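Text of my_file21.pdb (PDB, C-alpha atoms and all ligand atoms) as supplied:
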```
ATOM      1  CA  MET A   1    -104.698 -82.787  63.631
ATOM      2  CA  SER A   2    -105.615 -84.768  66.693
ATOM      3  CA  ASN A   3    -108.857 -85.596  64.942
ATOM      4  CA  SER A   4    -107.215 -87.453  62.084
ATOM      5  CA  ASN A   5    -104.922 -89.316  64.474
ATOM      6  CA  HIS A   6    -107.903 -90.504  66.367
ATOM      7  CA  ARG A   7    -109.633 -91.640  63.213
ATOM      8  CA  ARG A   8    -106.598 -93.575  62.034
ATOM      9  CA  GLN A   9    -106.356 -95.407  65.329
ATOM     10  CA  ARG A  10    -109.983 -96.434  65.181
ATOM     11  CA  ARG A  11    -109.617 -97.689  61.639
ATOM     12  CA  ASN A  12    -106.595 -99.788  62.572
ATOM     13  CA  GLU A  13    -108.656-101.430  65.248
ATOM     14  CA  ALA A  14    -111.355-102.350  62.756
ATOM     15  CA  ASP A  15    -108.697-103.568  60.338
ATOM     16  CA  GLY A  16    -107.690-106.236  62.788
ATOM     17  CA  PHE A  17    -104.231-107.574  63.534
ATOM     18  CA  THR A  18    -101.589-110.053  62.432
ATOM     19  CA  CYS A  19    -101.532-113.238  64.503
ATOM     20  CA  ILE A  20     -98.459-113.325  66.722
ATOM     21  CA  ASN A  21     -98.224-117.105  66.379
ATOM     22  CA  CYS A  22     -99.128-118.146  62.807
ATOM     23  CA  LYS A  23     -98.887-114.667  61.144
ATOM     24  CA  LEU A  24    -102.393-114.873  59.725
ATOM     25  CA  LYS A  25    -103.908-111.494  58.905
ATOM     26  CA  VAL A  26    -107.014-111.422  61.072
ATOM     27  CA  PRO A  27    -109.846-109.021  60.175
ATOM     28  CA  GLY A  28    -111.098-106.966  63.106
ATOM     29  CA  GLU A  29    -114.740-107.790  62.747
ATOM     30  CA  SER A  30    -116.262-111.185  62.410
ATOM     31  CA  TRP A  31    -119.519-112.945  62.671
ATOM     32  CA  GLY A  32    -120.448-113.556  66.314
ATOM     33  CA  THR A  33    -118.006-111.191  68.024
ATOM     34  CA  LYS A  34    -117.403-107.478  68.444
ATOM     35  CA  HIS A  35    -114.065-107.640  70.203
ATOM     36  CA  ARG A  36    -111.992-110.161  68.357
ATOM     37  CA  ASN A  37    -108.883-110.780  70.373
ATOM     38  CA  HIS A  38    -107.624-114.113  69.127
ATOM     39  CA  CYS A  39    -106.683-115.779  65.862
ATOM     40  CA  PRO A  40    -109.427-117.939  64.286
ATOM     41  CA  ALA A  41    -106.865-120.369  62.837
ATOM     42  CA  CYS A  42    -104.637-121.211  65.829
ATOM     43  CA  LEU A  43    -106.597-119.433  68.619
ATOM     44  CA  TYR A  44    -103.542-117.581  69.928
ATOM     45  CA  SER A  45    -104.133-114.186  71.461
ATOM     46  CA  ARG A  46    -101.796-111.450  72.585
ATOM     47  CA  HIS A  47    -101.526-109.820  75.991
ATOM     48  CA  VAL A  48    -102.437-106.228  75.122
ATOM     49  CA  ASP A  49    -105.412-105.549  77.401
ATOM     50  CA  GLU A  50    -105.669-105.076  81.143
ATOM     51  CA  ARG A  51    -109.417-105.066  80.659
ATOM     52  CA  PRO A  52    -111.135-106.125  77.410
ATOM     53  CA  GLY A  53    -110.421-103.582  74.673
ATOM     54  CA  ASP A  54    -108.320-101.089  76.661
ATOM     55  CA  ARG A  55    -104.917-101.975  75.065
ATOM     56  CA  ALA A  56    -103.306-100.888  78.357
ATOM     57  CA  SER A  57    -101.042-103.865  79.091
ATOM     58  CA  PRO A  58     -97.309-103.308  78.581
ATOM     59  CA  CYS A  59     -96.773-107.098  78.339
ATOM     60  CA  ARG A  60     -97.467-107.748  74.605
ATOM     61  CA  SER A  61     -96.493-111.416  74.900
ATOM     62  CA  PRO A  62     -98.305-114.223  73.058
ATOM     63  CA  MET A  63    -101.189-115.810  74.929
ATOM     64  CA  GLU A  64    -101.433-119.539  74.358
ATOM     65  CA  PRO A  65    -104.847-121.263  74.268
ATOM     66  CA  ILE A  66    -104.652-123.900  76.993
ATOM     67  CA  ALA A  67    -108.211-125.090  77.585
ATOM     68  CA  ILE A  68    -111.918-124.802  76.768
ATOM     69  CA  GLU A  69    -114.448-123.689  79.327
ATOM     70  CA  ALA A  70    -117.964-125.010  78.677
ATOM     71  CA  LYS A  71    -120.556-122.791  80.304
ATOM     72  CA  ASP A  72    -123.965-123.951  81.535
ATOM     73  CA  SER A  73    -125.544-122.108  78.591
ATOM     74  CA  GLY A  74    -123.657-124.362  76.188
ATOM     75  CA  GLU A  75    -121.404-121.508  75.168
ATOM     76  CA  TRP A  76    -117.690-122.197  74.911
ATOM     77  CA  ALA A  77    -114.869-119.956  75.976
ATOM     78  CA  ILE A  78    -111.137-120.264  75.424
ATOM     79  CA  VAL A  79    -108.776-120.110  78.381
ATOM     80  CA  HIS A  80    -105.602-118.234  77.402
ATOM     81  CA  ARG A  81    -102.359-118.172  79.370
ATOM     82  CA  CYS A  82     -99.778-115.463  78.719
ATOM     83  CA  LYS A  83     -96.364-116.851  77.835
ATOM     84  CA  GLY A  84     -94.705-113.724  79.208
ATOM     85  CA  CYS A  85     -96.294-113.124  82.619
ATOM     86  CA  GLY A  86     -98.491-116.198  83.145
ATOM     87  CA  GLU A  87    -101.763-114.297  83.364
ATOM     88  CA  ILE A  88    -104.869-116.364  82.638
ATOM     89  CA  LYS A  89    -107.770-114.901  80.687
ATOM     90  CA  VAL A  90    -111.022-116.378  79.452
ATOM     91  CA  ASN A  91    -112.337-115.261  76.056
ATOM     92  CA  ARG A  92    -115.559-116.092  74.235
ATOM     93  CA  ILE A  93    -115.102-118.014  71.019
ATOM     94  CA  ALA A  94    -115.856-116.258  67.726
ATOM     95  CA  GLY A  95    -118.175-117.502  64.977
ATOM     96  CA  ASP A  96    -115.342-118.327  62.615
ATOM     97  CA  ASP A  97    -112.870-119.901  65.037
ATOM     98  CA  SER A  98    -111.477-123.172  63.693
ATOM     99  CA  GLU A  99    -113.769-125.895  65.013
ATOM    100  CA  ARG A 100    -111.041-128.483  64.521
ATOM    101  CA  VAL A 101    -108.604-126.542  66.694
ATOM    102  CA  LEU A 102    -111.302-125.846  69.306
ATOM    103  CA  LEU A 103    -112.129-129.551  69.495
ATOM    104  CA  GLY A 104    -108.456-130.458  69.729
ATOM    105  CA  LEU A 105    -108.128-128.092  72.662
ATOM    106  CA  ALA A 106    -111.218-129.540  74.357
ATOM    107  CA  LEU A 107    -109.979-133.107  73.883
ATOM    108  CA  ARG A 108    -106.386-132.470  74.913
ATOM    109  CA  PRO A 109    -106.673-133.732  78.512
ATOM    110  CA  ILE A 110    -108.564-136.825  77.307
ATOM    111  CA  SER A 111    -105.848-137.656  74.793
ATOM    112  CA  ARG A 112    -103.172-137.229  77.466
ATOM    113  CA  PRO A 113    -104.741-138.631  80.635
ATOM    114  CA  ALA A 114    -102.847-138.151  83.880
ATOM    115  CA  PHE A 115    -104.264-141.418  85.190
ATOM    116  CA  PRO A 116    -105.628-144.604  83.559
ATOM    117  CA  LEU A 117    -109.094-143.733  82.245
ATOM    118  CA  ASP A 118    -110.311-147.320  82.828
ATOM    119  CA  ASP A 119    -109.854-146.791  86.568
ATOM    120  CA  ALA A 120    -111.699-143.452  86.698
ATOM    121  CA  ARG A 121    -114.755-143.475  88.861
TER     122      ARG A 121
HETATM  123 ZN    ZN B 201    -102.840-117.692  64.435
HETATM  124 ZN    ZN B 202     -98.572-111.085  79.867
END
```

Could you show the structure in this file as structure tokens?
Amino acid sequence: MSNSNHRRQRRNEADGFTCINCKLKVPGESWGTKHRNHCPACLYSRHVDERPGDRASPCRSPMEPIAIEAKDSGEWAIVHRCKGCGEIKVNRIAGDDSERVLLGLALRPISRPAFPLDDAR
């Protein structure tokens, strides 16, 4: 009895999730990531983990992608901020994340400068 429950839970995890923002059905496994936690189309995540994969957070609010972190290795990560509690998390990008949306996120501060870029030094 408990065995089949356990199996069902694991399968649901592999089956993925429905994006909380754009309602895309997101498969659980993808090229380049084991723990997919955000939508490849709009990059939204959901606050379900205290630590990666534990599903222990009671928050369950949408997590908005707010920035790109570029690591020294050349790898990119997405900075997510929870719309419910304000928590900030950094997540590795997945192989099939929308490159257009990733670029838009990376260029956002440049397209909305807080000071005249001509004067920057
Ligand atoms: Zn989405
Ligand atoms: Zn939260």

Write as a ChimeraX atom specification the residues around ligand ZN 201 (chain B), taking 10 Å as the cut-off and counting only C-alpha atoms and all ligand atoms.
-> /A:18-26,38-45

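With the shown file loaded, the PyMOL selection byres (((not hetatm)) within 7 of (chain B and resi 202)) picks out A:His47, A:Cys59, A:Arg60, A:Ser61, A:Cys82, A:Lys83, A:Gly84, A:Cys85, A:Gly86, A:Glu87.
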
Applied to this file, what does the PyMOL selection byres (((chain A and resi 53) around 10) and not hetatm) return in terms of residues, put as number ranges by chain?
-> A: 13, 35-37, 48-52, 54-56

Work out how far apart atom CA of A:Leu105 and atom CA of A:Pro65 are and give it in Å to one decimal.
-> 7.7 Å

Give as an NGL selection string the residues that the PyMOL selection byres (((chain A and resi 79) around 9) and not hetatm) matches when applied to the coordinates above.
-> :A and (64-69 or 77-78 or 80-81 or 88-92)

Quick one, how far is atom CA of A:Glu99 from atom CA of A:Ser57?
-> 29.1 Å
